[in-house]
Amino acid sequence: MIQRFLLRGGVRAVPNARRSALASGGAASQSQPEQSLAQTGGAQLRLPSSPSARSYSGSSPLRKKAWDPSLDEYKYWNREESKHGEASYVLDMSPESIQREARILCLAADDDRASGPLTDPSRDLPFGSRLLHAGTQPTDFPDSLVDERPNVLFVSPSCPHARLQLPLLLHKFPTVEWIHVRSAGIDFLESDELPGVTKRGVIMTNAKGQFSSSLSEYAMMACSYFAKDIPRLLAQKGAKVWNDFDIEELRGKTMGIVGYGDIGRATAKLASVYGMKVVALRRNPEKSELDPICDEVYGTGKLSLQKLMSVSDYVVCSAPSTVETRGMVNADAFKASKKNQVFINLGRGPVIDEEALVASLKNGRLKGAALDVFSTEPLPEDHELWDIDNVLIR
């Protein structure tokens, strides 16, 4: 059942998008089919062309309905706040409401287990949808499929050279109306041709919101790991030695968040429950003027990042990988970091200068690091991060 694996994470954001497309993009009024496709099952991407006194920097205050005005511009599925089962209820109770069939192509590697719910022939797809074919390059898709007029394309990060294959596949199948990326990040699709995709009316969505809960819980686990000195606890237990030692409280500490998107804000929510102060870095700080969770918000830029690093006991980086963010957390940023800081990276590996991170761990500037992503994945066996004791690697 799609609804069951949807609740478990990973690629499961994609079937949610697919089901929503059928019940909204298909079941919505025929006068607004594209809007329905774009606003369900993922965040519509804006692709680039070539509680008390809170402080923020940026433009003058604006009155908006949502704490973040951007939330008024698009909709996305979020595990913490969105309702489950609405689309499936419509399909089950009123299958005749479907206005058009979803004819699906899938760009994914053959061994991509995360795409199994879509590509496994033993699994049933929602009523009104068909998987036409799956492959990793246009030549894998028979020319005869043109007559089927495919209108949905799912793209997985497992597809080799996806940034090259996507434009070629769209050229071969010009009837595609909606592209859904099963990951939150789309950097693996970046190319000179990508901005032209939306210009021709193709909607692109991603899995924004799917991983926020699990990653924010991982971040708080990492904070507790170093605050409570879990390695020492385990070592003493293994040695059968009873020694008292002091542990830190998270309450009263400052968490800095670099990249205050869905993952960043989910982490901030948990940190605030722990009694931590939250400061954040985001491109448009005025959008967090009404945010009840963030205590301070800084704009982007070298000086803002260094300020955040200098006041934060724990830093969570959840920034996407873009031209502007690659290498953003560099040696200067780590030099500005507060003594004994813990650095946690949940976003994208290339955002961090890994050599500078390693140096800061070795010279004692950082108390530790918890890393979920790396510049090269999987992390090579000979990488020195494996040999540094105060590093968590997921």
# chains A, B, ... in the order shown; residues from 1 in each chain; ligands from 1
>>> select_by_dssp(residues="segment 274-309 of chain A", states="alpha helix (DSSP H)", output="ChimeraX atom specification")
/A:302-309
>>> residues_around(residues="Asp244 of chain A", least_positions_apart="4", cutoff="12 Å", atoms="only C-alpha atoms", output="PyMOL selection string")
chain A and resi 229+232-233+236
>>> write_last_selection(atoms="C-alpha atoms", output="JSON list (two decimals), in the first residue's frame")
[["chain", "number", "residue", "atom", "x", "y", "z"],
["A", 229, "ASP", "CA", 29.83, 12.49, 26.61],
["A", 232, "ARG", "CA", 32.95, 8.09, 27.94],
["A", 233, "LEU", "CA", 29.80, 6.42, 29.24],
["A", 236, "GLN", "CA", 33.40, 3.14, 31.38]]
>>> select_by_dssp(residues="segment 213-347 of chain A", states="strand (DSSP E)", output="list of chain:residue names")
A:Thr254, A:Met255, A:Gly256, A:Ile257, A:Val258, A:Lys277, A:Val278, A:Val279, A:Ala280, A:Leu281, A:Glu296, A:Val297, A:Tyr298, A:Tyr314, A:Val315, A:Val316, A:Cys317, A:Gln341, A:Val342, A:Phe343, A:Ile344, A:Asn345
>>> write_last_selection(atoms="N, CA and C atoms", output="compact mmCIF listing (two decimals), in the first residue's frame")
# COMPACT_ATOMS: atom_id res chain seq x y z
N THR A 254 23.14 27.76 22.77
CA THR A 254 22.68 28.40 21.53
C THR A 254 22.90 27.47 20.35
N MET A 255 21.85 27.28 19.58
CA MET A 255 21.94 26.51 18.35
C MET A 255 21.88 27.48 17.17
N GLY A 256 22.89 27.41 16.33
CA GLY A 256 22.89 28.19 15.10
C GLY A 256 22.50 27.31 13.93
N ILE A 257 21.63 27.81 13.08
CA ILE A 257 21.15 27.02 11.94
C ILE A 257 21.51 27.75 10.66
N VAL A 258 22.32 27.10 9.85
CA VAL A 258 22.72 27.65 8.56
C VAL A 258 21.84 27.04 7.48
N LYS A 277 18.47 28.49 22.81
CA LYS A 277 18.26 29.69 22.02
C LYS A 277 18.57 29.35 20.56
N VAL A 278 17.79 29.88 19.65
CA VAL A 278 17.96 29.55 18.23
C VAL A 278 18.29 30.82 17.44
N VAL A 279 19.40 30.78 16.74
CA VAL A 279 19.73 31.83 15.78
C VAL A 279 19.87 31.16 14.42
N ALA A 280 19.49 31.89 13.38
CA ALA A 280 19.45 31.26 12.06
C ALA A 280 20.01 32.18 11.00
N LEU A 281 20.42 31.58 9.92
CA LEU A 281 20.93 32.28 8.75
C LEU A 281 20.02 31.93 7.58
N GLU A 296 16.85 34.97 16.79
CA GLU A 296 17.53 35.94 15.93
C GLU A 296 17.72 35.34 14.55
N VAL A 297 17.61 36.18 13.54
CA VAL A 297 17.84 35.72 12.17
C VAL A 297 18.78 36.70 11.49
N TYR A 298 19.83 36.16 10.88
CA TYR A 298 20.78 36.96 10.15
C TYR A 298 20.61 36.71 8.65
N TYR A 314 26.23 24.95 19.21
CA TYR A 314 25.96 23.88 18.25
C TYR A 314 25.53 24.54 16.94
N VAL A 315 26.08 24.08 15.85
CA VAL A 315 25.71 24.61 14.54
C VAL A 315 25.17 23.47 13.70
N VAL A 316 23.98 23.68 13.15
CA VAL A 316 23.37 22.71 12.24
C VAL A 316 23.33 23.34 10.86
N CYS A 317 24.01 22.73 9.92
CA CYS A 317 24.02 23.22 8.54
C CYS A 317 23.05 22.39 7.71
N GLN A 341 32.72 24.21 20.00
CA GLN A 341 31.49 24.10 19.23
C GLN A 341 31.33 22.70 18.64
N VAL A 342 30.10 22.24 18.50
CA VAL A 342 29.78 21.00 17.80
C VAL A 342 29.16 21.37 16.46
N PHE A 343 29.70 20.82 15.38
CA PHE A 343 29.21 21.15 14.04
C PHE A 343 28.49 19.95 13.45
N ILE A 344 27.28 20.18 12.96
CA ILE A 344 26.41 19.12 12.43
C ILE A 344 26.01 19.49 11.01
N ASN A 345 26.28 18.63 10.06
CA ASN A 345 25.92 18.90 8.67
C ASN A 345 24.85 17.92 8.19
>>> atom_distance(atom1="atom CA of Val329 of chain A", atom2="atom CA of His383 of chain A")
19.2 Å
>>> closest_residue(among="A:Lys253, A:Lys237, A:Arg326, A:Arg200", to="Pro350 of chain A", atoms="only C-alpha atoms")
A:Arg326
>>> closest_residue(among="A:Leu234, A:Leu357, A:Lys208, A:Asp112", to="Glu384 of chain A", atoms="only C-alpha atoms")
A:Leu357
>>> residues_around(residues="Met220 of chain A", least_positions_apart="2", cutoff="12 Å", atoms="only C-alpha atoms", output="PyMOL selection string")
chain A and resi 213-218+222-228+250+255+264+266-274+276+314-316+342-344+346+370
>>> residues_around(residues="Thr119 of chain A", least_positions_apart="4", cutoff="12 Å", atoms="only C-alpha atoms", output="VMD selection string")
chain A and resid 11 14 to 15 104 to 115 123 to 125 130 to 135 154 156
>>> write_last_selection(atoms="C-alpha atoms", output="PDB file, in the first residue's frame")
ATOM      1  CA  VAL A  11      11.332   7.851  -1.644  1.00  0.00           C
ATOM      2  CA  VAL A  14       7.157  10.457  -4.441  1.00  0.00           C
ATOM      3  CA  PRO A  15       4.113   8.163  -4.243  1.00  0.00           C
ATOM      4  CA  ILE A 104       4.611   7.716 -15.727  1.00  0.00           C
ATOM      5  CA  LEU A 105       8.227   7.446 -16.825  1.00  0.00           C
ATOM      6  CA  CYS A 106      10.972   6.872 -14.268  1.00  0.00           C
ATOM      7  CA  LEU A 107      14.660   7.812 -14.445  1.00  0.00           C
ATOM      8  CA  ALA A 108      16.303   5.566 -11.855  1.00  0.00           C
ATOM      9  CA  ALA A 109      18.959   2.887 -11.589  1.00  0.00           C
ATOM     10  CA  ASP A 110      17.810  -0.723 -11.763  1.00  0.00           C
ATOM     11  CA  ASP A 111      19.042  -1.434  -8.240  1.00  0.00           C
ATOM     12  CA  ASP A 112      17.388   1.642  -6.695  1.00  0.00           C
ATOM     13  CA  ARG A 113      15.444   0.042  -3.844  1.00  0.00           C
ATOM     14  CA  ALA A 114      13.928   3.362  -2.858  1.00  0.00           C
ATOM     15  CA  SER A 115      12.104   3.499  -6.193  1.00  0.00           C
ATOM     16  CA  ARG A 123       3.091  -3.599  -6.232  1.00  0.00           C
ATOM     17  CA  ASP A 124      -0.156  -1.927  -7.156  1.00  0.00           C
ATOM     18  CA  LEU A 125      -0.153   1.697  -8.207  1.00  0.00           C
ATOM     19  CA  ARG A 130       0.451   3.525 -15.027  1.00  0.00           C
ATOM     20  CA  LEU A 131       4.205   3.138 -15.063  1.00  0.00           C
ATOM     21  CA  LEU A 132       5.134   3.060 -18.728  1.00  0.00           C
ATOM     22  CA  HIS A 133       8.848   2.395 -18.384  1.00  0.00           C
ATOM     23  CA  ALA A 134      11.925   2.904 -16.202  1.00  0.00           C
ATOM     24  CA  GLY A 135      15.516   3.387 -17.254  1.00  0.00           C
ATOM     25  CA  PHE A 154       9.942  10.713 -11.711  1.00  0.00           C
ATOM     26  CA  SER A 156      15.889   9.594  -8.736  1.00  0.00           C
TER      27      SER A 156
END
>>> atom_distance(atom1="atom CA of Ile203 of chain A", atom2="atom CA of Leu153 of chain A")
10.3 Å
>>> residues_around(residues="segment 168-173 of chain A", least_positions_apart="5", cutoff="8 Å", atoms="only C-alpha atoms", output="ChimeraX atom specification")
/A:137-138,146,149-150
>>> atom_distance(atom1="atom CA of Tyr89 of chain A", atom2="atom CA of Thr205 of chain A")
22.6 Å
>>> residues_around(residues="Lys307 of chain A", least_positions_apart="4", cutoff="8 Å", atoms="only C-alpha atoms", output="list in words")
Leu303, Val311 and Ala336 of chain A
>>> residues_around(residues="Ser129 of chain A", least_positions_apart="2", cutoff="7 Å", atoms="only C-alpha atoms", output="list in words")
Glu101, Ala102, Arg103, Leu125, Pro126, Phe127 and Leu131 of chain A
>>> write_last_selection(atoms="C-alpha atoms", output="compact mmCIF listing (two decimals), in the first residue's frame")
# COMPACT_ATOMS: atom_id res chain seq x y z
CA GLU A 101 -4.61 9.36 -16.30
CA ALA A 102 -1.06 9.59 -14.93
CA ARG A 103 1.26 7.97 -17.46
CA LEU A 125 -0.15 1.70 -8.21
CA PRO A 126 -3.06 4.00 -7.40
CA PHE A 127 -6.12 3.73 -9.58
CA LEU A 131 4.20 3.14 -15.06
